[in-house]
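The file my_file-v8.cif contains mmCIF, C-alpha atoms:
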```
data_entry
#
loop_
_atom_site.group_PDB
_atom_site.id
_atom_site.type_symbol
_atom_site.label_atom_id
_atom_site.label_comp_id
_atom_site.auth_asym_id
_atom_site.auth_seq_id
_atom_site.Cartn_x
_atom_site.Cartn_y
_atom_site.Cartn_z
ATOM 1 C CA MET A 271 -41.890 64.174 26.680
ATOM 2 C CA THR A 272 -41.637 65.221 30.331
ATOM 3 C CA GLU A 273 -39.598 68.121 31.576
ATOM 4 C CA SER A 274 -36.784 66.040 33.100
ATOM 5 C CA PRO A 275 -35.702 64.328 29.854
ATOM 6 C CA LYS A 276 -35.762 67.703 28.080
ATOM 7 C CA ILE A 277 -33.547 69.233 30.759
ATOM 8 C CA ASP A 278 -31.200 66.234 30.592
ATOM 9 C CA ASP A 279 -30.969 66.462 26.791
ATOM 10 C CA ILE A 280 -30.306 70.201 26.889
ATOM 11 C CA THR A 281 -27.723 69.788 29.638
ATOM 12 C CA ARG A 282 -25.883 67.182 27.532
ATOM 13 C CA GLU A 283 -25.747 69.646 24.630
ATOM 14 C CA LEU A 284 -24.377 72.373 26.904
ATOM 15 C CA ASP A 285 -21.802 69.924 28.260
ATOM 16 C CA LYS A 286 -20.538 69.407 24.697
ATOM 17 C CA LEU A 287 -19.944 73.150 24.367
ATOM 18 C CA GLU A 288 -17.708 73.094 27.435
ATOM 19 C CA LEU A 289 -15.206 71.173 25.298
ATOM 20 C CA VAL A 290 -15.000 73.996 22.741
ATOM 21 C CA ASN A 291 -11.898 76.123 23.226
ATOM 22 C CA GLY A 292 -12.800 79.678 24.242
ATOM 23 C CA ILE A 293 -16.202 79.018 25.796
ATOM 24 C CA ILE A 294 -16.168 79.900 29.484
ATOM 25 C CA GLY A 295 -19.745 78.906 30.252
ATOM 26 C CA THR A 296 -23.314 78.751 28.995
ATOM 27 C CA ALA A 297 -26.833 79.180 30.319
ATOM 28 C CA ILE A 298 -30.435 78.816 29.261
ATOM 29 C CA VAL A 299 -32.453 81.754 30.584
ATOM 30 C CA ASN A 300 -36.111 82.665 30.291
ATOM 31 C CA ARG A 301 -37.027 86.113 29.010
ATOM 32 C CA ASN A 302 -37.771 87.255 32.582
ATOM 33 C CA GLY A 303 -34.135 86.654 33.503
ATOM 34 C CA LEU A 304 -34.571 83.449 35.493
ATOM 35 C CA THR A 305 -31.807 80.950 34.829
ATOM 36 C CA ILE A 306 -33.198 77.558 33.826
ATOM 37 C CA ILE A 307 -29.928 75.676 33.242
ATOM 38 C CA SER A 308 -26.449 76.972 33.964
ATOM 39 C CA ARG A 309 -23.037 75.665 32.974
ATOM 40 C CA LEU A 310 -21.238 78.783 34.253
ATOM 41 C CA PRO A 311 -18.116 78.962 36.422
ATOM 42 C CA ARG A 312 -18.778 78.909 40.166
ATOM 43 C CA ASP A 313 -17.585 82.484 40.657
ATOM 44 C CA ILE A 314 -20.461 83.822 38.523
ATOM 45 C CA ASP A 315 -23.804 84.432 40.213
ATOM 46 C CA ASN A 316 -26.288 82.553 38.005
ATOM 47 C CA ARG A 317 -29.237 84.713 39.032
ATOM 48 C CA LYS A 318 -27.500 88.006 38.301
ATOM 49 C CA PHE A 319 -25.990 86.672 35.091
ATOM 50 C CA GLY A 320 -29.381 85.497 33.787
ATOM 51 C CA ALA A 321 -31.067 88.744 34.732
ATOM 52 C CA MET A 322 -28.305 90.812 33.096
ATOM 53 C CA ALA A 323 -28.399 88.824 29.845
ATOM 54 C CA ALA A 324 -32.200 88.951 29.564
ATOM 55 C CA THR A 325 -32.277 92.668 30.367
ATOM 56 C CA MET A 326 -29.595 93.500 27.787
ATOM 57 C CA PHE A 327 -31.329 91.430 25.132
ATOM 58 C CA GLU A 328 -34.712 93.002 25.849
ATOM 59 C CA ALA A 329 -33.148 96.475 25.723
ATOM 60 C CA MET A 330 -31.650 95.664 22.298
ATOM 61 C CA GLU A 331 -35.014 94.428 21.048
ATOM 62 C CA THR A 332 -36.671 97.602 22.277
ATOM 63 C CA ALA A 333 -33.977 99.813 20.761
ATOM 64 C CA THR A 334 -34.265 98.122 17.370
ATOM 65 C CA ASN A 335 -38.061 97.970 17.375
ATOM 66 C CA THR A 336 -38.219 100.871 14.928
ATOM 67 C CA LEU A 337 -36.380 98.745 12.354
ATOM 68 C CA LYS A 338 -39.390 96.406 12.231
ATOM 69 C CA ASP A 339 -37.065 93.423 12.332
ATOM 70 C CA ILE A 340 -36.396 90.663 14.856
ATOM 71 C CA VAL A 341 -33.139 90.509 16.814
ATOM 72 C CA LEU A 342 -31.743 86.974 16.508
ATOM 73 C CA ASN A 343 -28.613 87.393 18.598
ATOM 74 C CA LEU A 344 -26.626 89.932 20.554
ATOM 75 C CA THR A 345 -22.863 90.095 21.079
ATOM 76 C CA VAL A 346 -21.354 92.264 23.793
ATOM 77 C CA GLU A 347 -17.643 92.710 24.371
ATOM 78 C CA PHE A 348 -16.403 93.490 27.883
ATOM 79 C CA ASP A 349 -12.833 94.129 29.092
ATOM 80 C CA ASP A 350 -12.037 90.460 29.747
ATOM 81 C CA TYR A 351 -14.669 88.425 27.893
ATOM 82 C CA GLN A 352 -17.548 88.417 25.423
ATOM 83 C CA LEU A 353 -21.197 87.598 25.898
ATOM 84 C CA ILE A 354 -23.371 86.156 23.147
ATOM 85 C CA VAL A 355 -27.140 85.827 23.449
ATOM 86 C CA TYR A 356 -29.250 83.799 20.986
ATOM 87 C CA VAL A 357 -33.017 83.516 20.774
ATOM 88 C CA LEU A 358 -34.222 79.945 21.274
ATOM 89 C CA ASN A 359 -37.933 80.740 21.199
ATOM 90 C CA ALA A 360 -40.348 83.437 22.365
ATOM 91 C CA GLU A 361 -39.728 82.556 26.017
ATOM 92 C CA VAL A 362 -36.134 81.354 26.235
ATOM 93 C CA ILE A 363 -32.657 82.631 25.315
ATOM 94 C CA PHE A 364 -29.262 80.949 25.176
ATOM 95 C CA VAL A 365 -26.326 82.817 26.703
ATOM 96 C CA SER A 366 -22.644 82.042 26.282
ATOM 97 C CA LEU A 367 -19.689 83.635 27.999
ATOM 98 C CA LEU A 368 -16.552 83.564 25.827
ATOM 99 C CA GLU A 369 -12.899 84.401 26.191
ATOM 100 C CA LEU A 370 -12.041 87.725 24.614
ATOM 101 C CA ASN A 371 -9.376 86.841 22.049
ATOM 102 C CA ILE A 372 -10.669 83.698 20.350
ATOM 103 C CA ASP A 373 -11.505 82.622 16.825
ATOM 104 C CA LEU A 374 -15.097 83.789 17.087
ATOM 105 C CA GLY A 375 -16.118 82.260 13.758
ATOM 106 C CA LEU A 376 -15.364 78.694 14.848
ATOM 107 C CA VAL A 377 -17.014 79.180 18.221
ATOM 108 C CA LEU A 378 -20.129 80.671 16.628
ATOM 109 C CA ILE A 379 -20.471 77.631 14.359
ATOM 110 C CA GLU A 380 -20.446 75.340 17.400
ATOM 111 C CA ILE A 381 -22.894 77.562 19.291
ATOM 112 C CA GLU A 382 -25.285 77.809 16.350
ATOM 113 C CA GLU A 383 -25.325 74.018 15.956
ATOM 114 C CA CYS A 384 -25.999 73.607 19.670
ATOM 115 C CA THR A 385 -28.800 76.189 19.698
ATOM 116 C CA LYS A 386 -30.496 74.478 16.739
ATOM 117 C CA ILE A 387 -30.550 71.189 18.653
ATOM 118 C CA ILE A 388 -31.757 72.835 21.864
ATOM 119 C CA HIS A 389 -34.461 74.674 19.910
ATOM 120 C CA LYS A 390 -35.758 71.299 18.693
ATOM 121 C CA PHE A 391 -35.882 69.980 22.276
ATOM 122 C CA LEU A 392 -37.916 73.021 23.305
ATOM 123 C CA GLU A 393 -40.447 72.517 20.484
ATOM 124 C CA VAL A 394 -41.511 69.079 21.725
#
```
Written form, structure tokens:
Amino acid sequence: MTESPKIDDITRELDKLELVNGIIGTAIVNRNGLTIISRLPRDIDNRKFGAMAATMFEAMETATNTLKDIVLNLTVEFDDYQLIVYVLNAEVIFVSLLELNIDLGLVLIEIEECTKIIHKFLEV
């Protein structure tokens, strides 16, 4: 499978998440902080957002290194929204920006289903 169909398939999955109430935007980011695919609002700088998410996730991994366990996701609550980061593979993370006061359980179910599908696309 070439890169373009993978990107198209992943983008379609991210488009589906835009229909979920409470999700502001999503992005696929490599571990170096470079945004690969972004479905974020126009007022958010994709480059800074990707770099921030990757840096925070790496810092959490470093901080929890003594636990000898792997961090699978990170949730951060800000004043006006929440940020959730999921591991897709050793090189790529999924980032979602969420409204602050939402039913997080329902949103997480949708996000987890989406990340499972995207993970499969990245394995090919």
**Item:** Counting all atoms listed in the file, the residue of A:Ile280, A:Ala297, A:Leu392, A:Leu376 that sits nearest A:Asn316
**Value:**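 Among the listed residues, the smallest separation from A:Asn316 belongs to A:Ala297.
Across A:Ala333, A:Val346, A:Leu353, A:Leu367, the tightest approach to A:Ser308 is made by A:Leu367 when counting only C-alpha atoms.
Nearest to A:Phe364 of all the residues A:Gln352, A:Asn300, A:Thr336, A:Thr345 is A:Asn300, counting only C-alpha atoms.
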**Request:** Show which residues sit within 10 Å of A:Leu287, as a PyMOL selection string. Count all atoms listed in the file, and ignore same-chain residues fewer than 6 positions away.
**Result:** chain A and resi 281+293-296+309+366+377+380-381+384
For stretch 287-329 of chain A versus stretch 341-344 of chain A, which residues have an atom no more than 10 Å away, and what is each residue's nearest atom pair and distance in Å rounded to one decimal, using only C-alpha atoms, chain-then-number order, as CSV?
```
residue,atom,partner,partner_atom,distance
A:Ala323,CA,A:Leu344,CA,9.5
A:Met326,CA,A:Leu344,CA,8.6
A:Phe327,CA,A:Leu344,CA,6.7
A:Glu328,CA,A:Val341,CA,9.5
```
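Of note, atom CA of A:Val290 and atom CA of A:Leu310 are spaced 13.9 Å apart.
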**Item:** Nearest candidate to A:Asp279 (options A:Leu374, A:Phe319, A:Ile387, A:Glu393; using all atoms listed in the file)
**Value:**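 Between A:Leu374, A:Phe319, A:Ile387, A:Glu393, the residue approaching A:Asp279 most closely is A:Ile387.
By only C-alpha atoms, and with residues fewer than 2 positions from A:Asn371 along its chain excluded, the set lying at most 10 Å from it is Gly292, Asp350, Tyr351, Gln352, Leu368, Glu369, Asp373 and Leu374 of chain A.
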**Asked** Nearest to A:Gly320: which of A:Lys386, A:Lys276, A:Arg282, A:Arg301 is it, counting all atoms listed in the file?
**Response** A:Arg301
**Asked** Any idea what the distance is between atom CA of A:Thr325 and atom CA of A:Ala360?
**Response**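 We find that atom CA of A:Thr325 and atom CA of A:Ala360 lie 14.6 Å from each other.
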**Request:** Find the distance between atom CA of A:Asp313 and atom CA of A:Phe348 and write it in Å to one decimal.
**Result:** 16.9 Å
Listed atoms of stretch 303-312 of chain A boxed along x, y and z, 8 Å each side, centre and edge lengths in Å, one decimal, as AutoDock Vina command-line options:
```
--center_x -26.3 --center_y 81.2 --center_z 36.6 --size_x 32.5 --size_y 27.0 --size_z 23.2
```
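Distances from A:Glu283, A:Ile277, A:Asn291, A:Met330 to A:Ile372 were compared using all atoms listed in the file, and the smallest one belongs to A:Asn291.
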